[in-house]
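Everything below concerns the one structure shown next.
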Amino acid sequence: MKISLEQLISEKRDLHILYLYMDDEEYKRQILTFIEEGIAAGEQVIVIENDKFTVELLKVLNSHLSSIELGAVHFVNSLYFYSSTGSYNPSAIFKYYQETIQPYVDKDILFRSWAHVEWPSANEPHHLVRDCEMAGDSLIKEHAFPQVCAYAKNRTPANLTKLLLETHSYILREEELSLCQRKSPM
């Protein structure tokens, strides 16, 4: 099954989407589209991103969005988000994620979220990634919002890619989504 991201979001809200990007330009194009389509749909957009890319994205967004539209985009520093306790800790990430989305949940405001997941090395313990993705999946289902998890394909080892495909419902490839084949129900 192949479908566009916006079409799927309009039909279903609880989406956990894996995006394995090939290069920075492709990544930037996809995230800008995600942000702009969210604004056009009247949603708030949470972007968990590193400082360097945040600056680049803001340059582009400032050039063609109004201040009101820009007010719907909320950047969260990904370095702090993923390692506020000094290391990759799924329970701390889950707690911070809950705190980040809670104001929108409390006020029944539609939102979408994009998280750029970066690793200092490919040797990170992958079971922690699985724990974090599963915890995120439960929040996505509970609060019915779309979440894209973006990983650099060239920095994601095959065993981690396999795990990510098992913990996400869809995979974004260019402009289309495909169902992931989950190993077991979440």
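Quick note on naming: the chains in the structure tokens go A, B, ... in the order shown, residues restart at 1 in each chain, and ligands are numbered from 1 in order of appearance.
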
Need to verify the contact set: A:Glu118, 10 Å, only C-alpha atoms, exclusion of same-chain residues closer than 5 positions in sequence. Can you return it as an mmCIF file with N, CA and C atoms, in the first residue's frame?
data_model
loop_
_atom_site.group_PDB
_atom_site.id
_atom_site.type_symbol
_atom_site.label_atom_id
_atom_site.label_comp_id
_atom_site.auth_asym_id
_atom_site.auth_seq_id
_atom_site.Cartn_x
_atom_site.Cartn_y
_atom_site.Cartn_z
ATOM 1 N N GLU A 49 15.071 18.813 16.757
ATOM 2 C CA GLU A 49 16.114 18.985 15.747
ATOM 3 C C GLU A 49 17.384 19.541 16.379
ATOM 4 N N ASN A 50 18.512 19.282 15.720
ATOM 5 C CA ASN A 50 19.779 19.834 16.208
ATOM 6 C C ASN A 50 19.851 21.330 15.880
ATOM 7 N N SER A 78 17.387 18.769 19.952
ATOM 8 C CA SER A 78 17.464 17.301 19.970
ATOM 9 C C SER A 78 18.565 16.776 20.883
ATOM 10 N N LEU A 79 19.655 17.494 20.992
ATOM 11 C CA LEU A 79 20.743 17.046 21.873
ATOM 12 C C LEU A 79 20.229 16.982 23.312
ATOM 13 N N TYR A 82 17.374 14.121 23.709
ATOM 14 C CA TYR A 82 17.812 12.720 23.762
ATOM 15 C C TYR A 82 18.828 12.422 24.847
ATOM 16 N N ALA A 150 13.179 10.509 12.059
ATOM 17 C CA ALA A 150 14.121 10.580 10.942
ATOM 18 C C ALA A 150 15.508 10.128 11.380
ATOM 19 N N TYR A 151 16.050 9.168 10.642
ATOM 20 C CA TYR A 151 17.392 8.629 10.884
ATOM 21 C C TYR A 151 18.182 8.721 9.579
ATOM 22 N N ALA A 152 19.460 9.048 9.668
ATOM 23 C CA ALA A 152 20.327 9.050 8.482
ATOM 24 C C ALA A 152 20.601 7.603 8.087
ATOM 25 N N ARG A 155 24.129 6.190 8.392
ATOM 26 C CA ARG A 155 24.665 6.059 9.753
ATOM 27 C C ARG A 155 23.827 5.110 10.606
ATOM 28 N N THR A 156 22.942 4.361 9.929
ATOM 29 C CA THR A 156 22.080 3.431 10.645
ATOM 30 C C THR A 156 22.421 2.012 10.228
#

DSSP on the backbone, helix (DSSP H, G or I) only: what residues of stretch 11-73 of chain A does that give? Format it as a PyMOL selection string. chain A and resi 11+24-40+51-64+67-70

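Shell of A:Thr100 at 10 Å, with only C-alpha atoms counted and residues fewer than 6 places along the chain excluded, is A:Ile46, A:His74, A:Val76, A:Phe81, A:Phe94.
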
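With distances taken over only C-alpha atoms, A:His126 is the one residue among A:His126, A:Lys95, A:Arg173, A:Lys59 lying closest to A:Asn159.
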
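You will find atom CA of A:Asp131 at 12.6 Å from atom CA of A:Leu160.
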
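Atom CA of A:His143 lies 17.3 Å from atom CA of A:Gly42.
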